[in-house]
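Student: My structure file target_10.cif, mmCIF, C-alpha atoms; chains and numbers go by the auth columns, is below:
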data_run
#
loop_
_atom_site.group_PDB
_atom_site.id
_atom_site.type_symbol
_atom_site.label_atom_id
_atom_site.label_comp_id
_atom_site.label_asym_id
_atom_site.label_seq_id
_atom_site.Cartn_x
_atom_site.Cartn_y
_atom_site.Cartn_z
_atom_site.B_iso_or_equiv
_atom_site.auth_seq_id
_atom_site.auth_asym_id
ATOM 1 C CA MET A 1 -8.553 11.627 -5.209 0.00 1 A
ATOM 2 C CA LEU A 2 -8.685 8.356 -3.274 0.00 2 A
ATOM 3 C CA PHE A 3 -6.459 6.274 -5.548 0.00 3 A
ATOM 4 C CA PRO A 4 -3.263 6.878 -3.497 0.00 4 A
ATOM 5 C CA ILE A 5 -5.040 5.648 -0.353 0.00 5 A
ATOM 6 C CA THR A 6 -6.266 2.489 -2.060 0.00 6 A
ATOM 7 C CA TYR A 7 -2.992 1.777 -3.804 0.00 7 A
ATOM 8 C CA GLY A 8 -0.858 2.465 -0.761 0.00 8 A
ATOM 9 C CA SER A 9 -3.091 0.585 1.686 0.00 9 A
ATOM 10 C CA VAL A 10 -2.866 -2.575 -0.397 0.00 10 A
ATOM 11 C CA TRP A 11 0.920 -2.352 -0.403 0.00 11 A
ATOM 12 C CA ILE A 12 1.061 -1.592 3.322 0.00 12 A
ATOM 13 C CA VAL A 13 -0.985 -4.680 4.200 0.00 13 A
ATOM 14 C CA PHE A 14 1.054 -6.850 1.835 0.00 14 A
ATOM 15 C CA THR A 15 4.376 -5.527 3.173 0.00 15 A
ATOM 16 C CA TYR A 16 3.408 -5.801 6.829 0.00 16 A
ATOM 17 C CA SER A 17 1.890 -9.283 6.482 0.00 17 A
ATOM 18 C CA SER A 18 4.947 -10.492 4.555 0.00 18 A
ATOM 19 C CA LEU A 19 7.217 -9.053 7.240 0.00 19 A
ATOM 20 C CA LEU A 20 5.242 -10.722 10.032 0.00 20 A
ATOM 21 C CA ILE A 21 4.879 -14.108 8.361 0.00 21 A
ATOM 22 C CA GLY A 22 8.565 -14.030 7.414 0.00 22 A
ATOM 23 C CA ASP A 23 9.501 -13.352 11.026 0.00 23 A
ATOM 24 C CA ASN A 24 6.984 -15.605 12.744 0.00 24 A
ATOM 25 C CA GLY A 25 5.351 -18.327 10.670 0.00 25 A
ATOM 26 C CA ASN A 26 3.413 -19.367 13.753 0.00 26 A
ATOM 27 C CA ILE A 27 1.086 -16.417 13.142 0.00 27 A
ATOM 28 C CA PHE A 28 0.014 -18.279 10.035 0.00 28 A
ATOM 29 C CA LEU A 29 -0.035 -21.711 11.650 0.00 29 A
ATOM 30 C CA ARG A 30 -1.795 -20.787 14.906 0.00 30 A
ATOM 31 C CA THR A 31 -5.140 -20.634 13.081 0.00 31 A
ATOM 32 C CA THR A 32 -4.752 -24.194 11.791 0.00 32 A
ATOM 33 C CA ARG A 33 -5.864 -27.448 13.370 0.00 33 A
ATOM 34 C CA VAL A 34 -2.210 -28.412 13.646 0.00 34 A
ATOM 35 C CA ALA A 35 -1.798 -25.708 16.301 0.00 35 A
ATOM 36 C CA GLY A 36 -5.254 -26.046 17.873 0.00 36 A
ATOM 37 C CA GLY A 37 -7.056 -23.624 15.547 0.00 37 A
ATOM 38 C CA HIS A 38 -10.172 -24.303 13.511 0.00 38 A
ATOM 39 C CA LEU A 39 -8.815 -24.155 9.926 0.00 39 A
ATOM 40 C CA THR A 40 -7.021 -26.662 7.786 0.00 40 A
ATOM 41 C CA VAL A 41 -3.597 -25.611 6.514 0.00 41 A
ATOM 42 C CA GLY A 42 -5.133 -25.289 3.038 0.00 42 A
ATOM 43 C CA GLN A 43 -7.885 -22.997 4.314 0.00 43 A
ATOM 44 C CA ALA A 44 -5.386 -20.819 6.161 0.00 44 A
ATOM 45 C CA HIS A 45 -3.118 -20.657 3.103 0.00 45 A
ATOM 46 C CA THR A 46 -5.993 -19.872 0.728 0.00 46 A
ATOM 47 C CA GLY A 47 -7.409 -17.292 3.112 0.00 47 A
ATOM 48 C CA ASP A 48 -4.035 -15.597 3.440 0.00 48 A
ATOM 49 C CA LEU A 49 -3.644 -15.615 -0.335 0.00 49 A
ATOM 50 C CA ILE A 50 -7.079 -14.062 -0.837 0.00 50 A
ATOM 51 C CA VAL A 51 -6.696 -11.412 1.866 0.00 51 A
ATOM 52 C CA HIS A 52 -3.044 -10.398 1.400 0.00 52 A
ATOM 53 C CA THR A 53 -1.905 -11.290 -2.124 0.00 53 A
ATOM 54 C CA LEU A 54 -4.862 -11.056 -4.490 0.00 54 A
ATOM 55 C CA PRO A 55 -5.537 -7.374 -3.670 0.00 55 A
ATOM 56 C CA VAL A 56 -1.977 -6.599 -4.797 0.00 56 A
ATOM 57 C CA LEU A 57 -2.488 -8.434 -8.080 0.00 57 A
ATOM 58 C CA ILE A 58 -5.885 -6.824 -8.650 0.00 58 A
ATOM 59 C CA THR A 59 -4.454 -3.362 -7.883 0.00 59 A
ATOM 60 C CA LEU A 60 -1.576 -3.917 -10.303 0.00 60 A
ATOM 61 C CA LEU A 61 -3.954 -5.122 -13.032 0.00 61 A
ATOM 62 C CA PHE A 62 -6.306 -2.190 -12.408 0.00 62 A
ATOM 63 C CA THR A 63 -3.404 0.264 -12.526 0.00 63 A
ATOM 64 C CA ALA A 64 -2.069 -1.239 -15.748 0.00 64 A
ATOM 65 C CA ALA A 65 -5.506 -1.345 -17.378 0.00 65 A
ATOM 66 C CA SER A 66 -6.386 2.242 -16.472 0.00 66 A
ATOM 67 C CA TRP A 67 -2.908 3.776 -16.615 0.00 67 A
ATOM 68 C CA ASN A 68 -3.786 6.557 -19.052 0.00 68 A
ATOM 69 C CA TYR A 69 -6.892 7.563 -17.121 0.00 69 A
ATOM 70 C CA LEU A 70 -5.125 7.515 -13.753 0.00 70 A
ATOM 71 C CA ARG A 71 -2.208 9.480 -15.167 0.00 71 A
ATOM 72 C CA LYS A 72 -4.644 12.088 -16.516 0.00 72 A
ATOM 73 C CA VAL A 73 -6.385 12.392 -13.130 0.00 73 A
ATOM 74 C CA VAL A 74 -3.067 12.825 -11.325 0.00 74 A
ATOM 75 C CA ARG A 75 -1.859 15.365 -13.882 0.00 75 A
ATOM 76 C CA ASP A 76 -5.156 17.286 -13.653 0.00 76 A
ATOM 77 C CA PHE A 77 -4.848 17.399 -9.851 0.00 77 A
ATOM 78 C CA GLN A 78 -1.250 18.498 -10.147 0.00 78 A
ATOM 79 C CA ASN A 79 -2.256 21.263 -12.567 0.00 79 A
ATOM 80 C CA LEU A 80 -4.807 22.550 -10.041 0.00 80 A
ATOM 81 C CA VAL A 81 -2.180 23.291 -7.443 0.00 81 A
ATOM 82 C CA TYR A 82 -0.286 26.542 -7.782 0.00 82 A
ATOM 83 C CA GLY A 83 2.691 27.431 -5.669 0.00 83 A
ATOM 84 C CA SER A 84 5.231 25.343 -3.874 0.00 84 A
ATOM 85 C CA VAL A 85 3.188 24.949 -0.665 0.00 85 A
ATOM 86 C CA TRP A 86 0.198 23.451 -2.474 0.00 86 A
ATOM 87 C CA LEU A 87 2.461 21.254 -4.580 0.00 87 A
ATOM 88 C CA CYS A 88 4.159 19.962 -1.421 0.00 88 A
ATOM 89 C CA LEU A 89 0.750 19.256 0.125 0.00 89 A
ATOM 90 C CA PHE A 90 -0.300 17.396 -3.035 0.00 90 A
ATOM 91 C CA VAL A 91 2.857 15.259 -2.991 0.00 91 A
ATOM 92 C CA ALA A 92 2.454 14.602 0.742 0.00 92 A
ATOM 93 C CA TRP A 93 -1.185 13.565 0.219 0.00 93 A
ATOM 94 C CA PHE A 94 -0.289 11.241 -2.639 0.00 94 A
ATOM 95 C CA VAL A 95 2.644 9.638 -0.858 0.00 95 A
ATOM 96 C CA LEU A 96 1.506 9.582 2.781 0.00 96 A
ATOM 97 C CA SER A 97 -2.313 9.383 2.729 0.00 97 A
ATOM 98 C CA PRO A 98 -2.434 5.567 3.070 0.00 98 A
ATOM 99 C CA LEU A 99 -0.768 5.946 6.448 0.00 99 A
ATOM 100 C CA ILE A 100 -3.863 7.784 7.715 0.00 100 A
ATOM 101 C CA ILE A 101 -6.061 4.728 7.072 0.00 101 A
ATOM 102 C CA MET A 102 -3.484 2.363 8.505 0.00 102 A
ATOM 103 C CA GLY A 103 -3.074 4.626 11.539 0.00 103 A
ATOM 104 C CA ILE A 104 -6.823 4.493 12.183 0.00 104 A
ATOM 105 C CA TYR A 105 -6.711 0.706 11.802 0.00 105 A
ATOM 106 C CA ALA A 106 -3.820 0.526 14.295 0.00 106 A
ATOM 107 C CA LEU A 107 -5.837 2.588 16.801 0.00 107 A
ATOM 108 C CA VAL A 108 -8.878 0.307 16.500 0.00 108 A
ATOM 109 C CA ASN A 109 -7.029 -3.037 16.244 0.00 109 A
ATOM 110 C CA ASP A 110 -3.695 -3.150 18.007 0.00 110 A
ATOM 111 C CA PRO A 111 -1.525 -4.898 15.375 0.00 111 A
ATOM 112 C CA ILE A 112 1.166 -5.775 17.918 0.00 112 A
ATOM 113 C CA ARG A 113 -1.384 -7.666 20.035 0.00 113 A
ATOM 114 C CA GLU A 114 -3.259 -9.123 17.058 0.00 114 A
ATOM 115 C CA TYR A 115 -0.132 -10.305 15.245 0.00 115 A
ATOM 116 C CA PRO A 116 2.517 -11.135 17.862 0.00 116 A
ATOM 117 C CA SER A 117 6.032 -11.111 16.520 0.00 117 A
ATOM 118 C CA ASP A 118 9.617 -10.655 17.610 0.00 118 A
ATOM 119 C CA ILE A 119 9.741 -7.571 15.393 0.00 119 A
ATOM 120 C CA ASP A 120 9.788 -4.351 17.378 0.00 120 A
ATOM 121 C CA GLY A 121 6.637 -2.279 16.784 0.00 121 A
ATOM 122 C CA LEU A 122 8.662 0.819 15.903 0.00 122 A
ATOM 123 C CA PHE A 123 10.735 -1.133 13.394 0.00 123 A
ATOM 124 C CA GLY A 124 7.541 -2.507 11.800 0.00 124 A
ATOM 125 C CA ALA A 125 6.107 1.012 11.609 0.00 125 A
ATOM 126 C CA TYR A 126 9.376 2.262 10.090 0.00 126 A
ATOM 127 C CA VAL A 127 9.290 -0.438 7.401 0.00 127 A
ATOM 128 C CA VAL A 128 5.637 0.330 6.624 0.00 128 A
ATOM 129 C CA VAL A 129 6.313 4.073 6.300 0.00 129 A
ATOM 130 C CA LEU A 130 9.432 3.452 4.218 0.00 130 A
ATOM 131 C CA PHE A 131 7.670 1.122 1.793 0.00 131 A
ATOM 132 C CA THR A 132 4.654 3.439 1.564 0.00 132 A
ATOM 133 C CA VAL A 133 6.884 6.353 0.604 0.00 133 A
ATOM 134 C CA ILE A 134 8.748 4.174 -1.903 0.00 134 A
ATOM 135 C CA PHE A 135 5.674 2.603 -3.557 0.00 135 A
ATOM 136 C CA ASN A 136 3.475 5.685 -3.708 0.00 136 A
ATOM 137 C CA GLY A 137 6.424 7.974 -4.436 0.00 137 A
ATOM 138 C CA LEU A 138 7.473 5.848 -7.392 0.00 138 A
ATOM 139 C CA LEU A 139 3.907 5.755 -8.655 0.00 139 A
ATOM 140 C CA LEU A 140 3.645 9.545 -8.460 0.00 140 A
ATOM 141 C CA ILE A 141 6.985 9.947 -10.211 0.00 141 A
ATOM 142 C CA LEU A 142 5.880 7.570 -12.971 0.00 142 A
ATOM 143 C CA PHE A 143 2.637 9.485 -13.456 0.00 143 A
ATOM 144 C CA ILE A 144 4.367 12.868 -13.553 0.00 144 A
ATOM 145 C CA VAL A 145 7.376 11.839 -15.642 0.00 145 A
ATOM 146 C CA ASP A 146 5.215 9.922 -18.073 0.00 146 A
ATOM 147 C CA GLY A 147 2.819 12.873 -18.345 0.00 147 A
ATOM 148 C CA ARG A 148 5.611 15.413 -18.845 0.00 148 A
ATOM 149 C CA HIS A 149 7.096 13.307 -21.624 0.00 149 A
ATOM 150 C CA GLU A 150 3.714 13.345 -23.364 0.00 150 A
ATOM 151 C CA TYR A 151 3.451 17.119 -22.834 0.00 151 A
ATOM 152 C CA GLU A 152 6.931 17.685 -24.274 0.00 152 A
ATOM 153 C CA MET A 153 6.143 15.500 -27.296 0.00 153 A
ATOM 154 C CA LYS A 154 3.003 17.543 -28.069 0.00 154 A
ATOM 155 C CA HIS A 155 4.711 20.914 -27.719 0.00 155 A
ATOM 156 C CA THR A 156 7.949 20.362 -29.636 0.00 156 A
#
As structure tokens - that is how I would like this structure written.
Tutor:
Amino acid sequence: MLFPITYGSVWIVFTYSSLLIGDNGNIFLRTTRVAGGHLTVGQAHTGDLIVHTLPVLITLLFTAASWNYLRKVVRDFQNLVYGSVWLCLFVAWFVLSPLIIMGIYALVNDPIREYPSDIDGLFGAYVVVLFTVIFNGLLLILFIVDGRHEYEMKHT
């Protein structure tokens, strides 16, 4: 089940880019002709919108459009795991798996060097982990709670 990785990765990139641009707008401007770069301000703005914001909107639309199917897949996976250890591993996978992809990205492309900021690297990592746990944890809770409500309605 790759959905948690996709969903969480989109939110991680959006959160981290928002944090960086909020702290240091020069990251955004340094690519523009105003600051000696090669892009117009419009190109930089549109590029940032396409790369960091549209994936969030597309992911939200996809999730809304396929909610019942995704909920069924999550519930089916949850039903496959027996015992508290396997259930904990399932929850950990769902909530934390996007961090694996982002960790690999951070090893290949040093985000602190690529996106200089006054934000401490550990604080940025803390915010990313916190928001990943919140976003993917809430999604998992919504899938499970919503599915249990349906189960209870059928069996009462």
Student: Can you tell me, as a compact mmCIF listing (two decimals) with C-alpha atoms, keeping the file's coordinate frame, what residues are no more than 12 Å from region 57-69 of chain A when counting all atoms listed in the file, ignoring any on the same chain fewer than 6 positions away?
Tutor:
# COMPACT_ATOMS: atom_id res chain seq x y z
CA PHE A 3 -6.46 6.27 -5.55
CA PRO A 4 -3.26 6.88 -3.50
CA ILE A 5 -5.04 5.65 -0.35
CA THR A 6 -6.27 2.49 -2.06
CA TYR A 7 -2.99 1.78 -3.80
CA GLY A 8 -0.86 2.46 -0.76
CA SER A 9 -3.09 0.58 1.69
CA VAL A 10 -2.87 -2.58 -0.40
CA TRP A 11 0.92 -2.35 -0.40
CA PHE A 14 1.05 -6.85 1.84
CA LEU A 49 -3.64 -15.62 -0.34
CA ILE A 50 -7.08 -14.06 -0.84
CA VAL A 51 -6.70 -11.41 1.87
CA ARG A 75 -1.86 15.36 -13.88
CA ASP A 76 -5.16 17.29 -13.65
CA PHE A 135 5.67 2.60 -3.56
CA LEU A 139 3.91 5.76 -8.65
CA LEU A 140 3.64 9.54 -8.46
CA LEU A 142 5.88 7.57 -12.97
CA PHE A 143 2.64 9.48 -13.46
CA ILE A 144 4.37 12.87 -13.55
CA ASP A 146 5.22 9.92 -18.07
CA GLY A 147 2.82 12.87 -18.34
CA GLU A 150 3.71 13.34 -23.36
Student: Which of these residues is nearest to Ala106 (chain A), using all atoms listed in the file: A:Ile134, A:Val145, A:Val13, A:Ile21?
Tutor: A:Val13
Student: I'd like the interatomic distance between CA of Ser97 (chain A) and CA of Pro55 (chain A), to a tenth of an Å.
Tutor: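 Computed distance, CA of Ser97 (chain A) to CA of Pro55 (chain A), equals 18.2 Å.
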Student: Rounded to one decimal, what separation in Å do you get between CA of Ile101 (chain A) and CA of His52 (chain A)?
Tutor: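 Interatomic distance, CA of Ile101 (chain A) to CA of His52 (chain A): 16.4 Å.
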Student: Tell me which residues the PyMOL selection byres ((chain A and resi 133) around 10) grabs here, as a PyMOL selection string.
Tutor: chain A and resi 8+92+94-99+127-132+134-139
Student: Go ahead and dump the residues you just picked, C-alpha atoms, as a PDB file, keeping the file's coordinate frame.
Tutor:
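Final output, result_4.pdb:
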ATOM      1  CA  GLY A   8      -0.858   2.465  -0.761  1.00  0.00           C
ATOM      2  CA  ALA A  92       2.454  14.602   0.742  1.00  0.00           C
ATOM      3  CA  PHE A  94      -0.289  11.241  -2.639  1.00  0.00           C
ATOM      4  CA  VAL A  95       2.644   9.638  -0.858  1.00  0.00           C
ATOM      5  CA  LEU A  96       1.506   9.582   2.781  1.00  0.00           C
ATOM      6  CA  SER A  97      -2.313   9.383   2.729  1.00  0.00           C
ATOM      7  CA  PRO A  98      -2.434   5.567   3.070  1.00  0.00           C
ATOM      8  CA  LEU A  99      -0.768   5.946   6.448  1.00  0.00           C
ATOM      9  CA  VAL A 127       9.290  -0.438   7.401  1.00  0.00           C
ATOM     10  CA  VAL A 128       5.637   0.330   6.624  1.00  0.00           C
ATOM     11  CA  VAL A 129       6.313   4.073   6.300  1.00  0.00           C
ATOM     12  CA  LEU A 130       9.432   3.452   4.218  1.00  0.00           C
ATOM     13  CA  PHE A 131       7.670   1.122   1.793  1.00  0.00           C
ATOM     14  CA  THR A 132       4.654   3.439   1.564  1.00  0.00           C
ATOM     15  CA  ILE A 134       8.748   4.174  -1.903  1.00  0.00           C
ATOM     16  CA  PHE A 135       5.674   2.603  -3.557  1.00  0.00           C
ATOM     17  CA  ASN A 136       3.475   5.685  -3.708  1.00  0.00           C
ATOM     18  CA  GLY A 137       6.424   7.974  -4.436  1.00  0.00           C
ATOM     19  CA  LEU A 138       7.473   5.848  -7.392  1.00  0.00           C
ATOM     20  CA  LEU A 139       3.907   5.755  -8.655  1.00  0.00           C
TER      21      LEU A 139
END
Student: Which of these, A:Phe28, A:Ile100, A:Arg113, A:Val56, has the shortest distance to Ala44 (chain A) once you count only C-alpha atoms?
Tutor: A:Phe28
Student: Of the candidates A:Asp118, A:Tyr126, A:Thr32, A:Val73, which shows the shortest atom-to-atom distance to Gly47 (chain A), using all atoms listed in the file?
Tutor: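 Counting all atoms listed in the file, the residue closest to Gly47 (chain A) is A:Thr32.
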Student: Would you work out the distance separating CA of Thr53 (chain A) from CA of Ala35 (chain A), expressed in Å to one decimal?
Tutor: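 Going from CA of Thr53 (chain A) over to CA of Ala35 (chain A) covers 23.4 Å.
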Student: Out of A:Thr15, A:Ser84, A:Gln78, A:Ser117, which residue has the shortest atom-to-atom distance to Ile141 (chain A) when counting only C-alpha atoms?
Tutor: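 Of A:Thr15, A:Ser84, A:Gln78, A:Ser117, the one nearest Ile141 (chain A), counting only C-alpha atoms, is A:Gln78.
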Student: Could you please give me, as a count of residues only, the residues of protein, DNA or RNA lying at most 12 Å from (3.5, -1.8, 18.5) in the coordinate frame of the file, considering only C-alpha atoms?
Tutor: 21
Student: Please write out, as lines of an AutoDock Vina configuration file, where the centre of an axis-aligned box around all listed atoms of region 88-99 of chain A lies and how long its edges are, in Å to one decimal, after adding 5 Å on each side.
Tutor:
center_x = 0.9
center_y = 12.8
center_z = 1.7
size_x = 16.6
size_y = 24.4
size_z = 19.5
Student: Could region 122-143 of chain A be completed with N, CA and C atoms and written as a PDB file, in the coordinates of the input, please?
Tutor:
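Dumped to rebuild.pdb:
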ATOM      1  N   LEU A 122       8.130  -0.358  16.586  1.00  0.00           N
ATOM      2  CA  LEU A 122       8.662   0.819  15.903  1.00  0.00           C
ATOM      3  C   LEU A 122       9.368   0.448  14.602  1.00  0.00           C
ATOM      4  N   PHE A 123      10.079  -0.688  14.621  1.00  0.00           N
ATOM      5  CA  PHE A 123      10.735  -1.133  13.394  1.00  0.00           C
ATOM      6  C   PHE A 123       9.693  -1.485  12.337  1.00  0.00           C
ATOM      7  N   GLY A 124       8.621  -2.180  12.736  1.00  0.00           N
ATOM      8  CA  GLY A 124       7.541  -2.507  11.800  1.00  0.00           C
ATOM      9  C   GLY A 124       6.911  -1.255  11.224  1.00  0.00           C
ATOM     10  N   ALA A 125       6.674  -0.255  12.084  1.00  0.00           N
ATOM     11  CA  ALA A 125       6.107   1.012  11.609  1.00  0.00           C
ATOM     12  C   ALA A 125       7.073   1.701  10.650  1.00  0.00           C
ATOM     13  N   TYR A 126       8.366   1.664  10.969  1.00  0.00           N
ATOM     14  CA  TYR A 126       9.376   2.262  10.090  1.00  0.00           C
ATOM     15  C   TYR A 126       9.365   1.606   8.713  1.00  0.00           C
ATOM     16  N   VAL A 127       9.309   0.280   8.682  1.00  0.00           N
ATOM     17  CA  VAL A 127       9.290  -0.438   7.401  1.00  0.00           C
ATOM     18  C   VAL A 127       8.029  -0.080   6.614  1.00  0.00           C
ATOM     19  N   VAL A 128       6.886  -0.016   7.296  1.00  0.00           N
ATOM     20  CA  VAL A 128       5.637   0.330   6.624  1.00  0.00           C
ATOM     21  C   VAL A 128       5.711   1.738   6.036  1.00  0.00           C
ATOM     22  N   VAL A 129       6.196   2.692   6.808  1.00  0.00           N
ATOM     23  CA  VAL A 129       6.313   4.073   6.300  1.00  0.00           C
ATOM     24  C   VAL A 129       7.299   4.130   5.139  1.00  0.00           C
ATOM     25  N   LEU A 130       8.430   3.464   5.278  1.00  0.00           N
ATOM     26  CA  LEU A 130       9.432   3.452   4.218  1.00  0.00           C
ATOM     27  C   LEU A 130       8.862   2.885   2.925  1.00  0.00           C
ATOM     28  N   PHE A 131       8.214   1.733   3.000  1.00  0.00           N
ATOM     29  CA  PHE A 131       7.670   1.122   1.793  1.00  0.00           C
ATOM     30  C   PHE A 131       6.513   1.929   1.210  1.00  0.00           C
ATOM     31  N   THR A 132       5.729   2.582   2.060  1.00  0.00           N
ATOM     32  CA  THR A 132       4.654   3.439   1.564  1.00  0.00           C
ATOM     33  C   THR A 132       5.228   4.603   0.766  1.00  0.00           C
ATOM     34  N   VAL A 133       6.249   5.237   1.309  1.00  0.00           N
ATOM     35  CA  VAL A 133       6.884   6.353   0.604  1.00  0.00           C
ATOM     36  C   VAL A 133       7.495   5.864  -0.706  1.00  0.00           C
ATOM     37  N   ILE A 134       8.130   4.707  -0.684  1.00  0.00           N
ATOM     38  CA  ILE A 134       8.748   4.174  -1.903  1.00  0.00           C
ATOM     39  C   ILE A 134       7.682   3.839  -2.943  1.00  0.00           C
ATOM     40  N   PHE A 135       6.672   3.040  -2.578  1.00  0.00           N
ATOM     41  CA  PHE A 135       5.674   2.603  -3.557  1.00  0.00           C
ATOM     42  C   PHE A 135       4.861   3.769  -4.106  1.00  0.00           C
ATOM     43  N   ASN A 136       4.305   4.580  -3.226  1.00  0.00           N
ATOM     44  CA  ASN A 136       3.475   5.685  -3.708  1.00  0.00           C
ATOM     45  C   ASN A 136       4.328   6.787  -4.336  1.00  0.00           C
ATOM     46  N   GLY A 137       5.529   6.991  -3.820  1.00  0.00           N
ATOM     47  CA  GLY A 137       6.424   7.974  -4.436  1.00  0.00           C
ATOM     48  C   GLY A 137       6.812   7.581  -5.842  1.00  0.00           C
ATOM     49  N   LEU A 138       7.148   6.316  -6.044  1.00  0.00           N
ATOM     50  CA  LEU A 138       7.473   5.848  -7.392  1.00  0.00           C
ATOM     51  C   LEU A 138       6.275   5.966  -8.328  1.00  0.00           C
ATOM     52  N   LEU A 139       5.107   5.637  -7.821  1.00  0.00           N
ATOM     53  CA  LEU A 139       3.907   5.755  -8.655  1.00  0.00           C
ATOM     54  C   LEU A 139       3.688   7.205  -9.073  1.00  0.00           C
ATOM     55  N   LEU A 140       3.813   8.124  -8.135  1.00  0.00           N
ATOM     56  CA  LEU A 140       3.645   9.545  -8.460  1.00  0.00           C
ATOM     57  C   LEU A 140       4.697   9.995  -9.470  1.00  0.00           C
ATOM     58  N   ILE A 141       5.932   9.586  -9.265  1.00  0.00           N
ATOM     59  CA  ILE A 141       6.985   9.947 -10.211  1.00  0.00           C
ATOM     60  C   ILE A 141       6.673   9.402 -11.597  1.00  0.00           C
ATOM     61  N   LEU A 142       6.229   8.154 -11.667  1.00  0.00           N
ATOM     62  CA  LEU A 142       5.880   7.570 -12.971  1.00  0.00           C
ATOM     63  C   LEU A 142       4.747   8.335 -13.643  1.00  0.00           C
ATOM     64  N   PHE A 143       3.742   8.717 -12.883  1.00  0.00           N
ATOM     65  CA  PHE A 143       2.637   9.485 -13.456  1.00  0.00           C
ATOM     66  C   PHE A 143       3.124  10.838 -13.975  1.00  0.00           C
TER      67      PHE A 143
END
